[in-house]
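Peer 1: Starting off with a structure, shown below.
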Amino acid sequence: MNEELIELRNRLLIGIAVVLVFCIPFLFIFINKFGYKPSKVLESLNEESKMVLLITGEECDNCRNTENILKENDVKYSLLNKDREIKYKEILRKIEVTESDVIVPTVIYIDEGKIYSSLAEPNADELLSFIDFYELSSSK
């Protein structure tokens, strides 16, 4: 090989090394900082504490009504939007529910990481009874 090819090869190798040393760590830092957001719902399920989970969809008027009733009654709940949550299927697996089991809105009372009770497409009276029966209101 002549000297020009050797020098060109060495410069190419140095360029690749610089990219590997500087760009890849920056890429990892950027992805961890801005790209990955752990699911708050999944974190709560992993803690196995008592929680109320409200599963909603994007264009669901009944979902907004259900959410308003929960807010009005001071129920602390976690919102799981099935259309926006990246880890939606993982969350359903964690609580041992299939996608076909979920009709939005669904209110699920979870204790120790397992479903204790659920209510699909509740009307106002059903939801209020559910809140009272399980004493979910934090104002009581």
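Numbering starts fresh at 1 for the residues of each chain in the structure tokens, the chains themselves are lettered A, B, ... in the order given, and ligands are numbered from 1 as they appear.
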Can you pull out every residue within 9 Å of A:Ser118, counting only C-alpha atoms, but drop anything in the same chain fewer than 6 positions away, and send it as a ChimeraX atom specification?
Peer 2: /A:106-110,130
Peer 1: From a DSSP calculation on the backbone, collect every residue of stretch 3-129 of chain A in strand (DSSP E or B) and output the set as a PyMOL selection string.
Peer 2: chain A and resi 51-56+75+77-81+106-111+114-120
Peer 1: Under the rule of at most 10 Å, produce a per-residue listing of stretch 12-63 of chain A near stretch 92-97 of chain A: chain, number, name, the closest pair of atoms, and the distance in Å, as a tab-separated table, using only C-alpha atoms.
Peer 2:
residue	atom	partner	partner_atom	distance
A:Leu42	CA	A:Lys94	CA	8.2
A:Leu45	CA	A:Lys94	CA	7.7
A:Asn46	CA	A:Lys94	CA	8.8
Peer 1: Rank A:Asn2, A:Ser39, A:Asn10, A:Ser129 by their smallest atom-to-atom distance to A:Leu70, using only C-alpha atoms, and report the top residue only.
Peer 2: A:Ser129
Peer 1: Within stretch 47-114 of chain A, find each residue whose DSSP state, derived from the backbone, is helix (DSSP H, G or I), and express the selection as a short mmCIF file (atom, residue, chain, number, x, y, z; two decimals) with C-alpha atoms, in the first residue's frame.
Peer 2:
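The result, stored in part20.cif:
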data_model
loop_
_atom_site.label_atom_id
_atom_site.label_comp_id
_atom_site.auth_asym_id
_atom_site.auth_seq_id
_atom_site.Cartn_x
_atom_site.Cartn_y
_atom_site.Cartn_z
CA GLU A 47 -44.99 -0.54 44.84
CA ASP A 61 -66.87 12.18 26.73
CA ASN A 62 -67.92 9.66 29.37
CA CYS A 63 -64.24 9.45 30.41
CA ARG A 64 -64.18 13.17 31.19
CA ASN A 65 -67.41 12.86 33.17
CA THR A 66 -66.00 9.94 35.15
CA GLU A 67 -62.79 11.85 35.82
CA ASN A 68 -64.76 14.90 37.00
CA ILE A 69 -66.75 12.76 39.46
CA LEU A 70 -63.52 11.31 40.86
CA LYS A 71 -62.08 14.82 41.26
CA GLU A 72 -65.25 16.20 42.85
CA TYR A 88 -50.20 0.37 28.11
CA LYS A 89 -49.94 -3.33 27.24
CA GLU A 90 -47.27 -3.89 29.89
CA ILE A 91 -49.51 -2.29 32.52
CA LEU A 92 -52.44 -4.48 31.48
CA ARG A 93 -50.22 -7.58 31.75
CA LYS A 94 -49.12 -6.46 35.21
CA GLU A 99 -57.14 -5.38 26.00
CA SER A 100 -60.52 -6.89 25.16
CA ASP A 101 -61.49 -6.67 28.86
#
Peer 1: For the atom pair atom CA of A:Asp74 and atom CA of A:Ser137, what is the interatomic distance in Å to one decimal place?
Peer 2: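 Here the two named atoms are 5.2 Å from each other.
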Peer 1: As an exercise, work out the distance from atom CA of A:Leu136 to atom CA of A:Glu85 in Å and give it to one decimal place.
Peer 2: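 Atom-to-atom, atom CA of A:Leu136 to atom CA of A:Glu85, that is 24.4 Å.
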Peer 1: To one decimal place in Å, what is the distance between atom CA of A:Ser138 and atom CA of A:Lys87?
Peer 2: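 Interatomic distance here is 28.0 Å.
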Peer 1: Nearest to A:Ile103 among A:Thr56, A:Ser49, A:Ser44, A:Asn32, with distances taken over only C-alpha atoms: which residue is it?
Peer 2: A:Thr56
